[in-house]
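**Student:** Coordinates in entry.cif, mmCIF, C-alpha atoms and all ligand atoms, are listed below.
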```cif
data_target
#
loop_
_atom_site.label_atom_id
_atom_site.label_comp_id
_atom_site.auth_asym_id
_atom_site.auth_seq_id
_atom_site.Cartn_x
_atom_site.Cartn_y
_atom_site.Cartn_z
CA MET A 164 -20.49 -6.44 -4.75
CA ALA A 165 -17.78 -8.78 -3.47
CA ALA A 166 -18.53 -12.48 -3.18
CA ALA A 167 -19.73 -13.32 0.31
CA PRO A 168 -19.28 -16.77 1.79
CA PRO A 169 -22.72 -18.40 1.64
CA GLY A 170 -24.59 -19.79 4.60
CA GLY A 171 -22.21 -19.47 7.50
CA ALA A 172 -22.21 -23.17 8.35
CA VAL A 173 -19.37 -23.86 5.90
CA PRO A 174 -16.02 -24.66 7.58
CA ALA A 175 -13.44 -21.99 6.82
CA ASP A 176 -11.00 -24.29 5.04
CA LEU A 177 -13.68 -25.73 2.73
CA ALA A 178 -13.39 -22.77 0.38
CA THR A 179 -9.86 -23.87 -0.47
CA ALA A 180 -9.70 -27.57 0.44
CA ALA A 181 -12.77 -28.48 -1.61
CA PHE A 182 -11.07 -27.42 -4.83
CA SER A 183 -7.66 -29.09 -4.47
CA ARG A 184 -8.31 -31.68 -7.19
CA GLN A 185 -9.24 -29.20 -9.91
CA GLN A 186 -6.19 -27.12 -8.98
CA ASN A 187 -4.10 -30.07 -10.20
CA LEU A 188 -5.73 -30.10 -13.65
CA VAL A 189 -3.62 -29.10 -16.62
CA ASP A 190 -5.13 -26.28 -18.68
CA PHE A 191 -7.34 -25.28 -15.72
CA ASP A 192 -6.82 -21.94 -13.98
CA ASP A 193 -8.56 -22.20 -10.60
CA GLU A 194 -7.74 -18.59 -9.70
CA LEU A 195 -9.37 -17.42 -12.94
CA VAL A 196 -12.44 -19.60 -12.37
CA ARG A 197 -12.97 -18.35 -8.82
CA ARG A 198 -13.15 -14.75 -10.07
CA GLN A 199 -16.01 -15.46 -12.51
CA ARG A 200 -19.43 -13.87 -12.01
CA CYS A 201 -22.11 -15.83 -13.82
CA PHE A 202 -25.60 -14.89 -15.01
CA VAL A 203 -27.80 -17.97 -15.49
CA VAL A 204 -30.81 -16.82 -17.53
CA GLY A 205 -33.45 -19.55 -17.42
CA SER A 206 -33.27 -21.87 -14.40
CA GLY A 207 -34.98 -25.04 -15.58
CA GLY A 208 -33.56 -28.28 -16.97
CA VAL A 209 -30.45 -26.59 -18.32
CA GLY A 210 -29.99 -23.52 -16.11
CA SER A 211 -30.35 -25.24 -12.73
CA CYS A 212 -27.79 -27.88 -13.71
CA ILE A 213 -25.39 -25.25 -15.09
CA GLY A 214 -25.70 -23.23 -11.87
CA MET A 215 -25.02 -26.29 -9.73
CA THR A 216 -21.91 -27.14 -11.76
CA LEU A 217 -20.61 -23.57 -11.63
CA ALA A 218 -20.91 -23.63 -7.83
CA ARG A 219 -19.08 -26.96 -7.63
CA MET A 220 -16.31 -25.34 -9.68
CA GLY A 221 -16.24 -22.47 -7.19
CA VAL A 222 -17.04 -19.41 -9.31
CA ALA A 223 -17.42 -16.16 -7.36
CA HIS A 224 -21.12 -15.62 -7.99
CA VAL A 225 -24.22 -17.03 -9.69
CA THR A 226 -27.46 -15.11 -10.30
CA PHE A 227 -30.42 -17.25 -11.37
CA VAL A 228 -33.23 -15.78 -13.51
CA ASP A 229 -36.57 -17.45 -14.19
CA MET A 230 -40.29 -16.64 -14.08
CA ASP A 231 -41.58 -20.15 -13.26
CA THR A 232 -42.29 -22.11 -10.10
CA VAL A 233 -41.07 -25.64 -9.36
CA ALA A 234 -43.51 -28.31 -10.62
CA THR A 235 -43.57 -31.98 -9.68
CA SER A 236 -42.90 -32.87 -13.33
CA ASN A 237 -39.58 -30.94 -13.14
CA LEU A 238 -38.11 -33.29 -10.55
CA ASN A 239 -36.97 -35.99 -13.03
CA ARG A 240 -34.32 -33.72 -14.54
CA GLN A 241 -33.98 -30.33 -12.83
CA LEU A 242 -31.40 -31.52 -10.35
CA LEU A 243 -31.36 -28.62 -7.90
CA PHE A 244 -35.01 -29.08 -6.95
CA THR A 245 -36.38 -31.26 -4.16
CA PRO A 246 -39.97 -32.38 -3.47
CA ASP A 247 -40.34 -29.91 -0.58
CA GLN A 248 -39.62 -27.07 -3.04
CA VAL A 249 -42.58 -27.79 -5.35
CA GLY A 250 -44.52 -24.54 -5.69
CA MET A 251 -41.53 -22.30 -4.83
CA ASN A 252 -40.15 -19.82 -7.34
CA LYS A 253 -37.50 -21.74 -9.29
CA VAL A 254 -34.87 -19.08 -8.66
CA ASP A 255 -35.41 -19.12 -4.89
CA ALA A 256 -35.24 -22.92 -4.91
CA CYS A 257 -31.99 -22.81 -6.93
CA LYS A 258 -30.44 -20.34 -4.50
CA GLN A 259 -31.59 -22.34 -1.47
CA SER A 260 -30.28 -25.65 -2.84
CA LEU A 261 -27.00 -24.10 -3.92
CA GLU A 262 -26.36 -22.64 -0.48
CA ARG A 263 -27.52 -25.82 1.27
CA SER A 264 -25.43 -28.33 -0.69
CA HIS A 265 -23.26 -27.02 -3.52
CA ALA A 266 -21.67 -23.63 -2.79
CA PHE A 267 -18.38 -23.58 -0.85
CA ARG A 268 -16.97 -20.27 -2.07
CA THR A 269 -19.83 -19.03 -4.30
CA SER A 270 -22.50 -16.42 -3.56
CA ALA A 271 -25.94 -16.83 -5.14
CA ALA A 272 -28.78 -14.45 -6.03
CA ALA A 273 -32.30 -14.98 -7.35
CA LEU A 274 -34.20 -12.80 -9.83
CA HIS A 275 -37.80 -13.94 -10.30
CA CYS A 276 -39.01 -12.28 -13.49
CA ASN A 277 -39.88 -12.61 -17.16
CA ALA A 278 -36.56 -11.75 -18.79
CA VAL A 279 -38.28 -10.50 -21.96
CA THR A 280 -40.78 -8.09 -20.44
CA ARG A 281 -38.55 -7.03 -17.52
CA TRP A 282 -35.39 -6.61 -19.58
CA ALA A 283 -34.37 -3.52 -17.58
CA ASP A 284 -33.95 -5.75 -14.52
CA ILE A 285 -31.74 -8.11 -16.53
CA VAL A 286 -29.54 -5.23 -17.68
CA ALA A 287 -29.31 -3.78 -14.15
CA GLU A 288 -28.32 -7.13 -12.62
CA ALA A 289 -25.69 -7.75 -15.33
CA GLN A 290 -24.17 -4.31 -14.71
CA GLU A 291 -24.38 -4.29 -10.91
CA GLN A 292 -22.90 -7.78 -10.57
CA HIS A 293 -20.18 -7.10 -13.17
CA MET A 294 -21.05 -10.36 -14.92
CA THR A 295 -18.23 -12.10 -16.76
CA ALA A 296 -20.37 -14.91 -18.18
CA ILE A 297 -23.94 -15.23 -19.46
CA PHE A 298 -25.47 -18.71 -19.64
CA ASN A 299 -28.64 -18.81 -21.72
CA GLY A 300 -31.02 -21.63 -20.83
CA CYS A 301 -34.12 -19.79 -22.09
CA ASP A 302 -36.20 -21.22 -24.93
CA HIS A 303 -37.82 -17.92 -25.95
CA GLY A 304 -36.18 -17.98 -29.37
CA GLY A 305 -33.46 -16.73 -31.68
CA PHE A 306 -34.12 -13.02 -31.20
CA PHE A 307 -33.83 -13.29 -27.42
CA ASP A 308 -30.55 -15.18 -27.89
CA ILE A 309 -29.29 -12.24 -29.98
CA ALA A 310 -30.38 -9.81 -27.23
CA LEU A 311 -28.37 -11.70 -24.59
CA GLN A 312 -25.37 -11.84 -26.90
CA ALA A 313 -25.65 -8.07 -27.45
CA LEU A 314 -25.84 -7.60 -23.67
CA ALA A 315 -22.65 -9.64 -23.25
CA ARG A 316 -20.95 -7.32 -25.76
CA ALA A 317 -22.37 -4.15 -24.19
CA LEU A 318 -20.99 -4.69 -20.68
CA ASP A 319 -17.89 -2.78 -19.61
CA SER A 320 -15.71 -5.85 -19.11
CA PRO A 321 -15.39 -9.00 -21.25
CA CYS A 322 -18.34 -11.35 -20.86
CA LEU A 323 -18.55 -14.77 -22.53
CA TYR A 324 -21.86 -16.07 -23.93
CA THR A 325 -22.87 -19.72 -23.71
CA ALA A 326 -26.26 -21.23 -24.54
CA ALA A 327 -27.64 -24.74 -24.15
CA SER A 328 -30.91 -26.28 -25.23
CA THR A 329 -32.18 -29.85 -25.10
CA TYR A 330 -34.82 -31.78 -26.99
CA ALA A 331 -35.64 -35.44 -26.26
CA TYR A 332 -32.26 -37.10 -27.09
CA THR A 333 -30.53 -34.06 -28.58
CA TYR A 334 -28.67 -31.16 -27.06
CA GLN A 335 -27.19 -28.05 -28.68
CA VAL A 336 -24.55 -25.78 -27.17
CA ASP A 337 -23.50 -22.37 -28.54
CA SER A 338 -20.32 -20.66 -27.33
CA TYR A 339 -19.15 -17.16 -28.22
CA GLY A 340 -16.55 -14.71 -26.97
CA THR A 341 -16.45 -10.94 -27.28
CA ALA A 342 -12.98 -10.35 -28.71
CA ALA A 343 -12.64 -7.76 -31.46
CA GLY A 344 -12.80 -9.33 -34.90
CA GLU A 345 -14.52 -12.46 -33.63
CA PRO A 346 -17.87 -13.25 -35.33
CA CYS A 347 -21.00 -13.50 -33.18
CA LEU A 348 -24.20 -15.51 -33.20
CA LEU A 349 -25.84 -12.97 -35.53
CA CYS A 350 -23.02 -13.35 -38.10
CA THR A 351 -23.08 -17.10 -38.05
CA ASN A 352 -26.63 -18.20 -37.24
CA PRO A 353 -29.07 -15.29 -37.68
CA PRO A 354 -32.64 -15.77 -36.45
CA ALA A 355 -35.44 -16.14 -38.97
CA HIS A 356 -38.70 -14.33 -38.30
CA SER A 357 -41.10 -17.15 -37.53
CA ILE A 358 -44.36 -15.26 -38.00
CA SER A 359 -46.64 -17.03 -40.49
CA ILE A 360 -47.01 -15.56 -43.96
CA ASP A 361 -50.60 -16.78 -44.07
CA ASP A 362 -51.31 -14.86 -40.85
CA PHE A 363 -50.74 -11.68 -42.81
CA ALA A 364 -52.74 -12.84 -45.80
CA ALA A 365 -55.64 -13.74 -43.54
CA ALA A 366 -55.41 -10.32 -41.87
CA SER A 367 -56.90 -8.72 -44.96
CA GLY A 368 -59.82 -11.09 -44.79
CA ALA A 369 -59.15 -13.69 -47.46
CA GLY A 370 -57.35 -16.96 -47.90
CA ARG A 371 -53.69 -17.83 -48.21
CA ALA A 372 -50.93 -15.65 -49.60
CA SER A 373 -50.20 -16.28 -53.26
CA GLU A 374 -48.40 -14.45 -56.05
CA ASP A 375 -51.62 -13.20 -57.66
CA ALA A 376 -53.57 -12.36 -54.48
CA ALA A 377 -55.50 -9.12 -54.83
CA GLY A 378 -55.93 -6.38 -52.25
CA ALA A 379 -53.64 -4.98 -49.60
CA ILE A 380 -53.00 -5.22 -45.86
CA THR A 381 -53.18 -1.95 -43.94
CA ALA A 382 -50.65 -1.01 -41.27
CA GLU A 383 -53.38 -1.41 -38.64
CA GLU A 384 -54.15 -4.94 -39.83
CA ALA A 385 -50.47 -5.93 -39.88
CA LEU A 386 -49.98 -4.43 -36.41
CA ALA A 387 -52.98 -6.40 -35.13
CA VAL A 388 -51.36 -9.62 -36.37
CA LEU A 389 -48.10 -8.79 -34.59
CA LYS A 390 -49.86 -7.82 -31.35
CA ARG A 391 -51.72 -11.13 -31.37
CA VAL A 392 -48.66 -13.27 -32.17
CA TYR A 393 -46.30 -11.39 -29.83
CA GLN A 394 -49.01 -10.91 -27.18
CA SER A 395 -47.57 -7.44 -26.80
CA GLU A 396 -48.50 -3.76 -27.10
CA HIS A 397 -44.86 -2.63 -27.21
CA GLU A 398 -44.45 1.01 -28.22
CA LEU A 399 -41.86 0.21 -30.91
CA LEU A 400 -44.18 -2.10 -32.87
CA PRO A 401 -46.28 0.53 -34.77
CA GLY A 402 -43.20 2.28 -36.18
CA MET A 403 -41.53 -1.02 -37.06
CA VAL A 404 -44.66 -2.13 -38.96
CA ARG A 405 -45.02 1.19 -40.81
CA ARG A 406 -41.39 1.25 -41.95
CA SER A 407 -41.40 -2.44 -42.88
CA ILE A 408 -44.50 -1.97 -45.06
CA ALA A 409 -42.86 0.99 -46.78
CA ALA A 410 -39.67 -1.02 -47.37
CA ALA A 411 -41.66 -3.95 -48.80
CA SER A 412 -43.94 -1.93 -51.10
CA ASP A 413 -41.81 0.86 -52.60
CA GLY A 414 -42.88 3.39 -50.00
CA ALA A 415 -46.62 2.66 -50.01
CA ALA A 416 -48.68 2.79 -46.80
CA THR A 417 -50.30 -0.61 -47.38
CA LEU A 418 -48.79 -4.03 -48.09
CA PRO A 419 -49.84 -5.97 -51.22
CA ARG A 420 -51.28 -9.32 -50.19
CA THR A 421 -48.87 -11.26 -52.43
CA ARG A 422 -46.47 -13.82 -51.05
CA GLY A 423 -43.47 -11.85 -52.32
CA ALA A 424 -44.58 -8.65 -50.60
CA VAL A 425 -45.23 -10.42 -47.30
CA LEU A 426 -41.79 -12.07 -47.48
CA ARG A 427 -40.17 -8.66 -48.08
CA PHE A 428 -42.17 -7.21 -45.16
CA ARG A 429 -41.04 -10.00 -42.85
CA SER A 430 -37.42 -9.54 -43.89
CA ALA A 431 -37.64 -5.77 -43.28
CA LEU A 432 -39.25 -6.39 -39.89
CA THR A 433 -36.40 -8.73 -38.95
CA GLY A 434 -33.98 -5.91 -39.80
CA GLU A 435 -36.00 -3.44 -37.70
CA ILE A 436 -35.87 -5.78 -34.69
CA LEU A 437 -32.17 -6.57 -35.05
CA ALA A 438 -31.40 -2.83 -35.26
CA GLU A 439 -32.76 -2.54 -31.68
CA LEU A 440 -30.62 -5.46 -30.46
CA THR A 441 -27.16 -3.96 -30.98
CA PRO A 442 -24.74 -3.44 -28.07
CA ALA A 443 -25.29 0.32 -28.50
CA ARG A 444 -29.07 0.09 -28.06
CA VAL A 445 -29.80 -3.06 -26.07
CA LEU A 446 -29.08 -1.54 -22.65
CA ALA A 447 -31.73 1.16 -23.10
CA HIS A 448 -34.81 -1.05 -23.51
CA THR A 449 -37.04 -1.60 -20.48
CA SER A 450 -38.92 -4.44 -22.24
CA LEU A 451 -38.05 -6.64 -25.22
CA ALA A 452 -41.68 -7.40 -26.05
CA PHE A 453 -41.02 -6.22 -29.61
CA ILE A 454 -39.25 -9.52 -30.39
CA PRO A 455 -41.07 -12.69 -31.48
CA ALA A 456 -40.84 -16.02 -29.70
CA ASP A 457 -39.95 -19.16 -31.64
CA PRO A 458 -42.66 -21.80 -32.00
CA LYS A 459 -42.39 -24.07 -28.96
CA PRO A 460 -42.08 -27.85 -29.33
CA ASP A 461 -44.56 -29.61 -27.08
CA THR A 462 -42.16 -30.85 -24.40
CA SER A 463 -44.94 -32.56 -22.48
CA SER A 464 -45.42 -35.03 -25.36
CA VAL A 465 -41.84 -35.12 -26.73
CA GLY A 466 -40.46 -35.72 -23.25
CA SER A 467 -37.32 -34.66 -21.44
CA TRP A 468 -35.07 -36.39 -18.94
CA ALA A 469 -32.09 -36.07 -16.66
CA VAL A 470 -29.40 -37.39 -19.01
CA VAL A 471 -29.98 -35.00 -21.92
CA CYS A 472 -30.35 -32.01 -19.56
CA CYS A 473 -27.20 -32.89 -17.62
CA MET A 474 -25.10 -33.69 -20.69
CA GLY A 475 -26.12 -30.46 -22.43
CA SER A 476 -25.46 -28.44 -19.28
CA MET A 477 -22.08 -30.04 -18.61
CA PHE A 478 -21.03 -29.62 -22.23
CA ALA A 479 -22.00 -25.94 -22.04
CA VAL A 480 -19.96 -25.36 -18.89
CA ASN A 481 -17.03 -27.21 -20.46
CA CYS A 482 -17.18 -25.03 -23.61
CA TRP A 483 -17.28 -21.94 -21.40
CA VAL A 484 -14.35 -22.87 -19.15
CA GLN A 485 -12.20 -23.88 -22.12
CA ARG A 486 -13.00 -20.64 -23.93
CA LEU A 487 -12.17 -18.82 -20.68
CA ALA A 488 -8.77 -20.52 -20.78
CA GLY A 489 -8.21 -19.25 -24.32
CA GLN A 490 -8.99 -22.47 -26.18
CA ASP A 491 -10.46 -22.38 -29.70
CA VAL A 492 -13.98 -23.62 -28.89
CA PRO A 493 -16.41 -24.37 -31.76
CA PRO A 494 -19.34 -21.91 -31.82
CA MET A 495 -21.96 -24.66 -32.12
CA THR A 496 -22.16 -28.30 -31.12
CA ILE A 497 -25.13 -30.61 -31.66
CA ALA A 498 -25.19 -34.04 -30.05
CA ASN A 499 -27.48 -37.01 -30.39
CA ILE A 500 -27.37 -39.47 -27.50
CA ASN A 501 -29.79 -42.11 -28.79
CA ALA A 502 -27.85 -44.99 -30.37
CA GLN A 503 -30.94 -46.58 -31.93
CA ARG A 504 -32.95 -43.79 -33.44
CA GLY A 505 -30.31 -41.29 -34.52
CA SER A 506 -31.29 -37.76 -35.42
CA VAL A 507 -31.34 -35.43 -38.37
CA TRP A 508 -27.72 -34.60 -37.59
CA ARG A 509 -26.20 -38.05 -37.21
CA GLU A 510 -27.38 -41.54 -37.92
CA GLN A 511 -25.99 -42.85 -34.65
CA MET A 512 -24.98 -41.66 -31.21
CA GLY A 513 -22.33 -38.96 -31.31
CA TRP A 514 -21.73 -35.27 -31.63
CA ASP A 515 -20.65 -32.77 -34.23
CA SER A 516 -19.17 -29.32 -33.80
CA PHE A 517 -19.60 -26.70 -36.47
CA LYS A 518 -17.51 -23.78 -37.60
CA PHE A 519 -19.48 -21.30 -39.65
CA HIS A 520 -18.74 -19.23 -42.70
CA PRO A 521 -20.52 -15.96 -41.92
CA GLU A 522 -22.65 -14.41 -44.64
CA PRO A 523 -20.73 -11.77 -46.64
CA SER A 524 -21.14 -8.53 -44.71
CA ASP A 525 -19.80 -4.98 -44.62
CA GLY A 526 -20.00 -5.13 -40.84
CA CYS A 527 -22.28 -7.10 -38.52
CA THR A 528 -24.65 -4.79 -36.61
CA LEU A 529 -23.92 -6.66 -33.39
CA CYS A 530 -20.17 -7.35 -33.39
CA GLY A 531 -18.84 -5.32 -36.32
CA PHE A 532 -17.29 -8.39 -37.94
CA LYS A 533 -16.64 -7.88 -41.65
CA ALA A 534 -17.15 -11.14 -43.52
CA PRO A 535 -15.52 -11.49 -46.93
CA GLY A 536 -17.66 -14.50 -47.81
CA MET A 537 -16.67 -18.08 -48.31
CA PRO A 538 -13.42 -18.72 -50.25
CA ALA A 539 -14.16 -19.59 -53.90
CA GLU A 540 -12.53 -23.02 -53.68
CA GLU A 541 -14.77 -23.97 -50.72
CA VAL A 542 -17.87 -22.83 -52.61
CA ALA A 543 -16.78 -25.06 -55.50
CA ALA A 544 -16.12 -27.98 -53.15
CA MET A 545 -19.58 -27.61 -51.60
CA ALA A 546 -21.21 -27.46 -55.03
CA GLY A 547 -19.30 -30.62 -55.97
CA ALA A 548 -20.61 -32.35 -52.85
CA GLY A 549 -24.17 -31.51 -53.83
CA GLY A 550 -24.26 -28.61 -51.38
CA ALA A 551 -24.93 -31.06 -48.57
CA ALA A 552 -22.01 -30.18 -46.29
CA ALA A 553 -23.20 -28.67 -43.04
CA GLY A 554 -19.96 -27.02 -41.97
CA GLY A 555 -16.31 -27.52 -41.12
ZN ZN A 601 -21.71 -10.53 -35.61
#
```
Using the file provided, produce a representation of the structure as structure tokens.
Ligand SMILES: [Zn+2]
**Tutor:**
Amino acid sequence: MAAAPPGGAVPADLATAAFSRQQNLVDFDDELVRRQRCFVVGSGGVGSCIGMTLARMGVAHVTFVDMDTVATSNLNRQLLFTPDQVGMNKVDACKQSLERSHAFRTSAAALHCNAVTRWADIVAEAQEQHMTAIFNGCDHGGFFDIALQALARALDSPCLYTAASTYAYTYQVDSYGTAAGEPCLLCTNPPAHSISIDDFAAASGAGRASEDAAGAITAEEALAVLKRVYQSEHELLPGMVRRSIAAASDGAATLPRTRGAVLRFRSALTGEILAELTPARVLAHTSLAFIPADPKPDTSSVGSWAVVCCMGSMFAVNCWVQRLAGQDVPPMTIANINAQRGSVWREQMGWDSFKFHPEPSDGCTLCGFKAPGMPAEEVAAMAGAGGAAAGG
């Protein structure tokens, strides 16, 4: 669908005159930017700010996705929302605010849904709108991030992937392209299955997992744990559990209750899930309720505010537009903006970008990248530094 001028109250020359200053920028292709069709998945602190910025840059189209409604406690940082929109679906409020105040040559659409359980709607929107960019502002977890990256790679035309997340005084931005031979999020930062080992041990009725634990967990018991943790009855789960138990116990139908066996089961289950999140398979799922969520930090006690949300969002849009222009953008950036307290990443205010060495691989299931492993001299250098180096 071609981009339609929003509203109707916008003066005809605004669509060109409003963008004259960015047309003067070096390394900025305004004609390229105005052709971009952007999928903003998650429309809260990060997504609403990203969508607003994309409209101010004059992209062709923005579709907002979210399942939540606007709450009063959102108003300190989710910049598109106004007090009269409290109680509205976030996506409808984003669209309304964009058209009212921020869109001069950008069309907007709203998709109110749970992106995990209504994945078919996400796929359909990405295909029908011919998305060229996916912005991930969802905090569902690492497996959902992989699914969106696979979607970006599965679409007919090139689609860049950018993600942003914020936490108190820290923001993280991930930026990936889809070019052949370019490693993806799965190569460089694979998700770990977060399900608790002790959950499985307890499923067989006794205590914590240990190396000498007796007894075994049946497939039904393991499936019950997954259904409870995932809050899902997804049809793929029983087969995934059965095959993962077999892989972890030399083909047996039950899983020994030892720590080692449970770790092997969890690793096999991760492989089962990732096998469903390849570009070849990801378009076919109607629901992604076979993936786990990451444990959620308690944002109501940790706190969140306008500056970290805006800085993370702006940094994400900047990474995207520079990658769009062909620049060599780092795949991951983590920033701390608190000069006093620092963070685990830096002792003082500042930011670091990371280039990864992918794990040695015969071919990533998502992007096909073949990783030879880290050069021997770099392994030696890291060992000499006590193995503390985080990246390039
Ligand atoms: Zn990959």
**Student:** Have a look at A:Gly423, A:Val465, A:Val233, A:Phe428 and name the one nearest to A:Ala411; count only C-alpha atoms.
**Tutor:**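 Ranked by minimum distance to A:Ala411, first place goes to A:Phe428.
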**Student:** Neighbouring residues of ligand ZN 601 (chain A) are defined here as those with any atom at most 7 Å from a ligand atom, counting all atoms listed in the file; list them as a list in words.
**Tutor:**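 If we count all atoms listed in the file, the neighbours of ligand ZN 601 (chain A) turn out to be Pro346, Cys347, Leu348, Leu349, Cys350, Cys527, Thr528, Leu529, Cys530, Gly531 and Phe532 of chain A.
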**Student:** So, with all atoms listed in the file as the atoms that count, which of A:Gly475, A:Gln394, A:Thr351, A:Tyr330 lies closest to A:Gly210?
**Tutor:** A:Gly475
**Student:** With distances taken over all atoms listed in the file, which of A:Pro442, A:Pro458, A:Gly208, A:Gly304 is nearest to A:Val286?
**Tutor:** A:Pro442
**Student:** Of the candidates A:Met474, A:Ala343, A:Leu274, A:Ala296, which shows the shortest atom-to-atom distance to A:Arg198, using all atoms listed in the file?
**Tutor:**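 Result for the nearest residue to A:Arg198: A:Ala296.
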**Student:** Env of A:Asp247: 12 Å cut, atoms = only C-alpha atoms, seq-sep filter 2 positions within chain, self excluded. Answer as an NGL selection string.
**Tutor:** :A and (233-235 or 238 or 243-245 or 249-251 or 256 or 259-260)
**Student:** Keeping C-alpha atoms, export the residues of the selection given above as a CSV table (one decimal), in the coordinates of the input.
**Tutor:**
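Okay, out-v7.csv is ready:
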```
chain,number,residue,atom,x,y,z
A,233,VAL,CA,-41.1,-25.6,-9.4
A,234,ALA,CA,-43.5,-28.3,-10.6
A,235,THR,CA,-43.6,-32.0,-9.7
A,238,LEU,CA,-38.1,-33.3,-10.6
A,243,LEU,CA,-31.4,-28.6,-7.9
A,244,PHE,CA,-35.0,-29.1,-7.0
A,245,THR,CA,-36.4,-31.3,-4.2
A,249,VAL,CA,-42.6,-27.8,-5.4
A,250,GLY,CA,-44.5,-24.5,-5.7
A,251,MET,CA,-41.5,-22.3,-4.8
A,256,ALA,CA,-35.2,-22.9,-4.9
A,259,GLN,CA,-31.6,-22.3,-1.5
A,260,SER,CA,-30.3,-25.6,-2.8
```
**Student:** Could you work out how far atom CA of A:Gln335 lies from atom CA of A:Thr441, giving the answer in Å with one decimal?
**Tutor:**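 Atom CA of A:Gln335 lies 24.2 Å from atom CA of A:Thr441.
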**Student:** So which residues touch A:Ala385 within 12 Å, counting all atoms listed in the file, skipping near sequence neighbours fewer than 5 positions away, as number ranges by chain?
**Tutor:** A: 358-368, 379-380, 390-392, 400-408, 416-420, 425, 428-429, 432
**Student:** For C-alpha atoms, I'd like the residues from the last selection saved as a short mmCIF file (atom, residue, chain, number, x, y, z; two decimals), in the frame of the given file.
**Tutor:**
```
data_model
loop_
_atom_site.label_atom_id
_atom_site.label_comp_id
_atom_site.auth_asym_id
_atom_site.auth_seq_id
_atom_site.Cartn_x
_atom_site.Cartn_y
_atom_site.Cartn_z
CA ILE A 358 -44.36 -15.26 -38.00
CA SER A 359 -46.64 -17.03 -40.49
CA ILE A 360 -47.01 -15.56 -43.96
CA ASP A 361 -50.60 -16.78 -44.07
CA ASP A 362 -51.31 -14.86 -40.85
CA PHE A 363 -50.74 -11.68 -42.81
CA ALA A 364 -52.74 -12.84 -45.80
CA ALA A 365 -55.64 -13.74 -43.54
CA ALA A 366 -55.41 -10.32 -41.87
CA SER A 367 -56.90 -8.72 -44.96
CA GLY A 368 -59.82 -11.09 -44.79
CA ALA A 379 -53.64 -4.98 -49.60
CA ILE A 380 -53.00 -5.22 -45.86
CA LYS A 390 -49.86 -7.82 -31.35
CA ARG A 391 -51.72 -11.13 -31.37
CA VAL A 392 -48.66 -13.27 -32.17
CA LEU A 400 -44.18 -2.10 -32.87
CA PRO A 401 -46.28 0.53 -34.77
CA GLY A 402 -43.20 2.28 -36.18
CA MET A 403 -41.53 -1.02 -37.06
CA VAL A 404 -44.66 -2.13 -38.96
CA ARG A 405 -45.02 1.19 -40.81
CA ARG A 406 -41.39 1.25 -41.95
CA SER A 407 -41.40 -2.44 -42.88
CA ILE A 408 -44.50 -1.97 -45.06
CA ALA A 416 -48.68 2.79 -46.80
CA THR A 417 -50.30 -0.61 -47.38
CA LEU A 418 -48.79 -4.03 -48.09
CA PRO A 419 -49.84 -5.97 -51.22
CA ARG A 420 -51.28 -9.32 -50.19
CA VAL A 425 -45.23 -10.42 -47.30
CA PHE A 428 -42.17 -7.21 -45.16
CA ARG A 429 -41.04 -10.00 -42.85
CA LEU A 432 -39.25 -6.39 -39.89
#
```
**Student:** Counting all atoms listed in the file, find the residues whose atoms lie at most 9 Å from (-21.3, -7.9, -11.8) (file coordinates) and write them out as a ChimeraX atom specification.
**Tutor:** /A:164,200-202,224,288-295
**Student:** Just the residues within 10 Å of A:Thr433, please, counting all atoms listed in the file, with nothing from its chain fewer than 2 positions along; format it as number ranges by chain.
**Tutor:** A: 306, 353-357, 403, 407, 427-431, 435-438, 454-455
**Student:** Choose the residue, out of A:Leu446, A:Asn299, A:Thr421, A:Ala452, that has the smallest atom-to-atom separation from A:Asp319; count only C-alpha atoms.
**Tutor:**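 Residue with the minimum atom-to-atom distance to A:Asp319: A:Leu446.
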